[in-house]
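Q: Pasting in a structure now, in C-alpha cells, and then I'll have a few things to ask.
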Amino acid sequence: MNQHHSRPVSQDRASDPPQQVRVTIDGKDRPAEDGRPLVEALVGREPVDDLRPGFPDVCYHPVLGPIQTCDTCLVEVDGELTRSCATPVTDGLSVTTTGRSEEAREEAAQRLIRKHILYCTVCDHNDGDCDLKRGIEASGLTRERIDFAAKPYDVDDTNPFYRYDPDQCILCGRCVEACQNVQVTETLSIDWESDDPRVLWDGGSFIGESSCVSCGHCVTVCPCNALMEKSMLGRHGLFTDWPDETRAPAIDLVKDVEPTTGYLPLYALSNAEATARAAATRITKTVCTYCGVGCSFDVETRGREILRVQPQREGPANSISTCVKGKFGWDHINAEDRLTVPLVRDGNRFREATWDEALDLVARRLGEIVERDGSDAVAVIGSSKATNEESYLTQKLARQVLGTHNTDNCSRYCQAPATEGLWRTVGYGGDAGSISDMERADLVLVVGSNTSDSHPVIAARLRRAQKLSGHQLIVADLRRHELAQRADVFLRPRPGTDLVWLSALTRHILDQGWADDDFLATRVSGLDDYRASLEPFTLAYAEERTGIPAEQLADVAERIVRAESVVGLWAMGVTQHVMGSDTSTAMSNLLLVTGNYGRPGTGAYPLRGHNNVQGCSDFGTINSYYPGYQPIGDEEVAAKFADAWGRELGPEPGLDNHGMVDAAHDGSLHGLVIVGEELSLVDANVHYVQEALERLDFVVVTELFFSRTCEFADVVLPAAASLEKDGTFTNTERRIQRLYAAMDPIGESRPDWQILRDLASRMGYEWGYSHPAEIMHEIAGLTPMFAGVTYDRLEGYDSLQWPVAEDGTDTPLLYTESFHFDDGLARLYPLEFREPSDQPDDEYPLHVNNGRVLEHFHEGNLTLRSPGLTQLVPDTYAEMTRRTAAEQGGLATGDWVRLVSRRGEITVRVLLSDEVADNELYVPMQAAEINLLTSNDTDPDSHTPAYKEIAVRLERTDGPQELRGGKRRGADRARRGSRDVQGDPTGSPLPRGHHRYGNPTPQSGVEVERKWARADYRSPTEAEPPGSKA
Amino acid sequence: MATSLGYTPPPPPDTAARDDLDDLVRALHESGLLRALAGGARSYPVLLSQLLRTVDASTVRSAIALAGALRDARPEQAERLAAGLRDARHAAGEVAAAPAEGPLGLLRRLRDPDTRRGISAALAAVAAVGASLGPADRD
C-alpha cells in the first residue's frame, strides 16, 4: 500500500492544496510537488531533443501510483539507482538522470520490447499518446538488442467489448492495479511465477467466463495495445484495417528494415501517422447519459463512428473510472431505428412530415386546447436524460407559453421522496457533499441501493476505501448483492421496514447517551418532539418487525457512533415505497443525531438514478417550484418571473406526473407534451397509465426511438442524443458539467432545446436562443442557486457544484456553517411507521423486488440496442432461492413462470440464486414489464409509486405459450434484448459466463515483489540471463 | 383520443460507411504507399536504387521530402496531408493498370513487373502528397 491509495480518486476539494518545493535535476533547479512521485517532475521536463520526448514512465500512472514494474524511470539519488516513481519529492532532493541510470533506462526499455512488437504505424494505439511508445523513445532506445519472443498464448477475444493480446503485453501491471485497487473487482492478476507470465482473469479463465464486469479500467490504463477496445481494432489508425495476411508481412518487412535503419526513422514515420490520424479523428468531452454518477470522458469519433470512450484523470466525478455502459454502451447513438424525421398521426398510421408541418400542428392543437379548456388542461413532462438547459425550457414552455405549473419529470418516480426527506431536515434537496466524501467516510451506511449495479463507479470508490483504507461498509438490503457480500455488516430487513430499524438505531443511540450533544445543541432543532416520536422504536420492536436481530442493530449503532465520519447512501430500495419520504427522513435524522453533516466524509447522499434527474428538478421541471427551487407561492419570486417572462402565474402547484395521469382519466387534462420520457412503461400500473394516454386529446412526444409512449402520440418529434448536442448535466453530487456535441444530430433530428424554442416561437414567444450558453445565462440571472454558473466556468472538465455564488464560488460540501433554513438549524423530523401496501397474503404469497442490473439501464431503451450488453444479459428473469423454487413446485433455472399480481401478469424465466431471500423474487426491469404488476399506491408525501411493493403468485407456464413477455411492439423490436426477436428462449436467462459466476482473485495489487523474486529478474544495471521472461 | 398505434422506421442508409479519408487510405494501401514509405525510399539503399530505375528522380525526391515533412507534421499540415491523400488516390488510379497483389518482401516483389507497376503508382501518389505538403501558397 502506498500513500496514493488512501487519497480519494474523485475530485477532492477537501484535501490540502499541493505544496511546491524545489528539486535539483541534473544540476538544474526545478519546481516539484511535495510528496508526489519524483517521476512526475521528470516527465514534465523539456524534451532532450526532438526525437527524445520527456522522460520514460511506462508503468507509472498518476491515479494508480507507483507500481514499479517497468524500471524505465530509474534515476540516481545519493549515488544509488532508484525508481523515480517510488521516490517521493522532498524539498532539496537532488537527482541525476544521466550516466548509468540512463543506460539502465535504455536496458529496461529493451526488456519491454522483447515482450512487445513495435509496429506503431499499423497499430491502433498509435494515437499520439501511447505511453509505451513515448517511454521507449524517451529511454533513448534506437536499436533492438533482444529479439522479441512470442508468448505461448492465444489472443483472448471472449469479451464482447475488448480483447487481450498476450504478445503485445509488457507485463506492466497497470491493468491489474486498476482492477484490484481502483475498480476493485479483483479479477486481474499476473502469474509472476509462471515460465511465461501473462495477465490472468480469475487466475486463468477466459475473460468472457470470468468475474470481469467489463468496466474498461484495464483497457483505459493499458499503456499499449495489449488490451484494446474492439471498437478500435482496425479502425483507429489510417493503416490499421489491413487484413492479417497483409499486416503480418508488413510488420515483418519493417522488422527487416530496422536492423539497418534503427528505430529513429520508424518513430518518425509512426509519429507522422499519429499526427495524420489525429487530423481525421475528433475528440470531444462529454458526460455519460446513463446514471447519476456523472462520469465525464473523451469520446473519439470519426464522422458518426464511435471509436472509443476514454475517461480522463481530470474527470471530477470519475477520473479514469467507467462502468460497462459508459465505456462501451453507445450503440444506441447509431441504432438503425433512430427517429430521423417528424411523424404525425394520419388516421390509422403515422406518416413522415416536415418540421414545419409537425411543429405547426403541435402549436395549433395545444393552442386550441388552452383556448378551449384553459391553461391547466395541458401539461409538459420533462426528461431526466435531457440537459439542464432543456429542462429549463421544458418548464418555461409550460409556464410562460402555456401558462400552467403542470410540469414534472421522472424524479417523481424515484428521487422525490429522498428530496422531501432532505427538504424536511437539512434544507437542500441534494447530496450533502461529493463523491470524495463517500471515499473519505470512516463508515458508509448503504440502504436500499444496489450500488454496484446502479451506480457502479461510486461502488468502486466504496470498495477501494474499504480495501485500502479499512473504511467500514454497512449494507442494508433485501438482496445480498455484490456490495452486500463485501460489507462488514449486512442487514436484511423485511421489505418496506427500513424506517423501523433506522429509527430504532437512532433511539438506541439517544438512549445510550451516544448522540453528538454539541452538534444537537448548536446546529439542530426539534430534538424533543423527534425523540418523543421514537418512543415505539425499541430494538426489540425493530427485531420483531424487520427481522434484524436486536444485537446486530446495537452493534451497528455502536459502529456508527464510534466512526469519525459517516455518510448515508440510499436509493430506490428506500424511496419506492409508500414510506419513501419518511424513510429518507429517518436516514437524515440518524445522521443529524450523530453529528454527521457539514464535515468532509459526512452527510446524506440519495444516489440519483438518471444522469440529470437532479438537474431536471433543479432547473424547474417540477410542479411546485420555479428554477432553483424558488417557491411558486412566494410573491416576490412570482413577480420576478412574471417580469422576466411577461406572464403572471398562480401560486398553486400544478399537476405532477401522477396527477396528470389521474387528470387524463377524469377528463380535466387534454393535452400533453412529453420530452423523452417513456411514461407508458415506467409509471406504475401501466394499464392505468396507457388508458390515460388514450384518453388525451393530443399528445406530442420528442424521442430518440419510436418508444411505447410514442404509440399514443399524435406527433412524434425526432430528438438528438447526448453525443449530438451541447449543454450541461447535473450529477448526484450537485455537480454541473458540460457536454459538447461530438457529431451532428442524426437525420433531421434536433436537440430538444431547439425543438422547444421553435415550438414556443410558433406559439408567440420568440426566445431567440442560438446556443445553450445563452439559456444558462438567462437561468443564472433568475436563479440565485445558479447565479455564478457560466459556460466559461464550465469549460472542458471544469465543473461547479451548486449553489454557485455570483463570483463563481461553488459548494462541494453543504452545511459547513449552517443548514438551509432561515435560522440555520437543521430540523429533526418526527416520524411514525405505516405498513407497506400490497403485502403478500395467501393468494399472492411472494414479494417482488425489482431494479437495475449493471449491464442495462432502466427499461432498456438505450442498452438493449447494444449487442454487447445484450450478450452479457440478454433477458430479464425472476430470481429466487432454491427453497422458494422448491416450494413453488420444484422449479429450476430456465423454467418459464407467470407472475400474477392484483393488477396484471408477466411471464419470465426462473433464475435460482442465493442473493435473494426466501419468498422474495427479484425481477430486473430492463424488459420494461414490471409495471404490469405494480399498483397505483404512492408515497403520500411525494406521490412516488410504491414500485417495490408488489405481491404475486407464481404459476408454471411450461409448454407452448402464445405470449412470453413480448409486450414490446413496432420498432421497439429493434431492441436486441427483446424476447420478441429472440423467439422462445430456453435455458438460463443469464449466460453461464456472466460475471456473477466468476471467481475473483483478490490480492494487494500487481505485487511486483513477486516479479523481483523471479530467478531470471535482474536489475537493468546487470545483464539478464538468456531467455528471461521477467 | 389517441389509440395505441405502432410504427416502424424505414431502414436507414448505411450509416457505417467510412468517411472519404478512410476510402482514400485504403486505396493507398492497395497501391503500396506505406511500404514505400516505411521500408523503402527512406531507409533501404538497395530498394532505393531499384526504385530509381523504375521511376523518375523527381518522384523519389517527393517521396523523401514527404517522409521528412511527415516527421514534423503539424495539425494544419496533417489536414493538408489528408487533402493530399485525396489527390493521391486519383493519381494512383491513373497510373495503376491493376491493383497491387498482396504484400511480400519488397525485394522479391521488385522482380515482379506487376509489383513494379504498383510501386510506380504509389510513388506517383507520393508525388501528389508531397506537393500538398509544400509551401501553402505553392501551386
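Here, A, B, ... name the chains of the C-alpha cells in the order displayed, residue numbers run from 1 inside each chain, and ligands are numbered from 1 in the same displayed order.
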With DSSP run on the backbone, what are the alpha helix (DSSP H) residues within range 431-542 of chain A? I'd like them as number ranges by chain.

A: A: 435-440, 451-454, 456-469, 482-486, 498-511, 517-523, 527-533, 539-542

Q: Within 9 Å of range 371-381 of chain A, counting only C-alpha atoms, which residues show up once you throw out same-chain ones fewer than 4 positions away? Write them as a PyMOL selection string, please.

A: chain A and resi 366-367+394-395+397-398+402-410+621-622+654-657+660+663+667-677

Q: Could you pull the residues within 6 Å of Tyr530 in chain A, counting only C-alpha atoms, minus those fewer than 5 positions along the same chain, as a count of residues only?

A: 3
